[in-house]
Amino acid sequence: MGGIHPKDGLSRLSLGLQTVLAAILLAIVWGSCLFQPTQFIVWILPMGVAAVLALGYGATQGTPRKSKAPQEVAAGYSDAPDWFKRGVDAALLAPTALNQQKFSFALAGETEAGAPLVRATTRRGPFTQMDLGIAQCHFEIGTGDALFAWAD
């Protein structure tokens with residue numbers, strides 16, 4: 001079950017974002033303990049590279065990227081409840097590999113307890129599963145305190 005749960009009051013982070021956060025924490029701990037960037041890079045590369053994150057400030061402000069319209073990633077967006085719209089809008093702000101935004105969200109019925117079900121899917125492509133996890137986390141944050149469940 002995703003979203004905000006009344007029992008624990010916490011939002012569950014999607015697996016993709018948990019992985020990214022763990023990698024950042026690991027990099028900070030290892031980097032601060034070693035003080036030798038060359039050794040740090042040599043030790044991290046044999047583990048395999050799933051993603052490269054840029055931290056810090058760029059030399060320029062960069063250029064804005066085109067984002068999809070909410071209707072392109074959520075069928076029935078205009079008739080959806082406000083909490084769902086907020087979730088989709090937040091997911092569209094999530095960073096994605098190659099600015100693909102290949103994810104989609106849809107209302108998919110209700111649980112036995114009456115909570116709305118949200119189905120999150122992605123098309124095939126590089127890094128799309130990681131992108132979906134990050135988009136789901138942003139969706140959860142955007143919904144605020146709305147109670148819903150992720151459909152299988």
# chains A, B, ... in the order shown; residues from 1 in each chain; ligands from 1
>>> residues_around(residues="Thr143 of chain A", least_positions_apart="2", cutoff="10 Å", atoms="only C-alpha atoms", output="PyMOL selection string")
chain A and resi 3-4+82-90+138-141+145-148
>>> residues_around(residues="segment 114-116 of chain A", least_positions_apart="4", cutoff="9 Å", atoms="only C-alpha atoms", output="PDB file with N, CA, C and O atoms, in the first residue's frame")
ATOM      1  N   LEU A 107      -6.297   5.957 -12.032  1.00  0.00           N
ATOM      2  CA  LEU A 107      -7.131   5.458 -10.953  1.00  0.00           C
ATOM      3  C   LEU A 107      -7.621   4.070 -11.371  1.00  0.00           C
ATOM      4  O   LEU A 107      -8.073   3.883 -12.504  1.00  0.00           O
ATOM      5  N   ALA A 108      -7.518   3.095 -10.458  1.00  0.00           N
ATOM      6  CA  ALA A 108      -7.812   1.709 -10.824  1.00  0.00           C
ATOM      7  C   ALA A 108      -8.758   1.049  -9.833  1.00  0.00           C
ATOM      8  O   ALA A 108      -8.531  -0.063  -9.387  1.00  0.00           O
ATOM      9  N   GLY A 109      -9.809   1.729  -9.445  1.00  0.00           N
ATOM     10  CA  GLY A 109     -10.783   1.149  -8.533  1.00  0.00           C
ATOM     11  C   GLY A 109     -10.495   1.468  -7.078  1.00  0.00           C
ATOM     12  O   GLY A 109      -9.862   2.480  -6.763  1.00  0.00           O
ATOM     13  N   GLU A 110     -10.939   0.568  -6.193  1.00  0.00           N
ATOM     14  CA  GLU A 110     -10.775   0.762  -4.753  1.00  0.00           C
ATOM     15  C   GLU A 110     -10.361  -0.541  -4.088  1.00  0.00           C
ATOM     16  O   GLU A 110     -10.645  -1.624  -4.603  1.00  0.00           O
ATOM     17  N   LEU A 147      -5.280   9.236   1.452  1.00  0.00           N
ATOM     18  CA  LEU A 147      -5.094   7.802   1.650  1.00  0.00           C
ATOM     19  C   LEU A 147      -5.418   7.096   0.344  1.00  0.00           C
ATOM     20  O   LEU A 147      -6.508   7.226  -0.203  1.00  0.00           O
ATOM     21  N   PHE A 148      -4.443   6.330  -0.152  1.00  0.00           N
ATOM     22  CA  PHE A 148      -4.648   5.542  -1.365  1.00  0.00           C
ATOM     23  C   PHE A 148      -3.708   4.343  -1.308  1.00  0.00           C
ATOM     24  O   PHE A 148      -2.856   4.250  -0.429  1.00  0.00           O
ATOM     25  N   ALA A 149      -3.872   3.413  -2.227  1.00  0.00           N
ATOM     26  CA  ALA A 149      -3.001   2.240  -2.318  1.00  0.00           C
ATOM     27  C   ALA A 149      -2.497   2.104  -3.743  1.00  0.00           C
ATOM     28  O   ALA A 149      -3.175   2.498  -4.693  1.00  0.00           O
ATOM     29  N   TRP A 150      -1.300   1.563  -3.876  1.00  0.00           N
ATOM     30  CA  TRP A 150      -0.769   1.288  -5.204  1.00  0.00           C
ATOM     31  C   TRP A 150      -1.357  -0.036  -5.700  1.00  0.00           C
ATOM     32  O   TRP A 150      -1.367  -1.025  -4.983  1.00  0.00           O
TER      33      TRP A 150
END
>>> atom_distance(atom1="atom CA of Arg123 of chain A", atom2="atom CA of Pro64 of chain A")
23.8 Å
>>> atom_distance(atom1="atom CA of Gln61 of chain A", atom2="atom CA of Gly125 of chain A")
28.1 Å
>>> atom_distance(atom1="atom CA of Thr122 of chain A", atom2="atom CA of Phe103 of chain A")
4.2 Å
>>> residues_around(residues="Pro95 of chain A", least_positions_apart="6", cutoff="10 Å", atoms="only C-alpha atoms", output="PyMOL selection string")
chain A and resi 101+131+134-135+138
>>> write_last_selection(atoms="N, CA and C atoms", output="PDB file, in the first residue's frame")
ATOM      1  N   GLN A 101      10.210  10.844 -19.026  1.00  0.00           N
ATOM      2  CA  GLN A 101       8.856  10.859 -18.468  1.00  0.00           C
ATOM      3  C   GLN A 101       7.981   9.794 -19.118  1.00  0.00           C
ATOM      4  N   ASP A 131      13.142   5.539 -12.916  1.00  0.00           N
ATOM      5  CA  ASP A 131      12.328   6.755 -13.088  1.00  0.00           C
ATOM      6  C   ASP A 131      10.935   6.571 -12.486  1.00  0.00           C
ATOM      7  N   ILE A 134      11.039   6.917  -8.698  1.00  0.00           N
ATOM      8  CA  ILE A 134      11.206   8.317  -8.296  1.00  0.00           C
ATOM      9  C   ILE A 134       9.904   9.088  -8.536  1.00  0.00           C
ATOM     10  N   ALA A 135       9.239   8.823  -9.664  1.00  0.00           N
ATOM     11  CA  ALA A 135       7.964   9.493  -9.952  1.00  0.00           C
ATOM     12  C   ALA A 135       6.902   9.090  -8.931  1.00  0.00           C
ATOM     13  N   HIS A 138       7.450  11.074  -5.764  1.00  0.00           N
ATOM     14  CA  HIS A 138       6.959  12.442  -5.938  1.00  0.00           C
ATOM     15  C   HIS A 138       5.433  12.480  -5.946  1.00  0.00           C
TER      16      HIS A 138
END
>>> residues_around(residues="Thr121 of chain A", least_positions_apart="2", cutoff="10 Å", atoms="only C-alpha atoms", output="number ranges by chain")
A: 73, 102-106, 118-119, 123-124, 128-129, 132-133, 136, 151-152
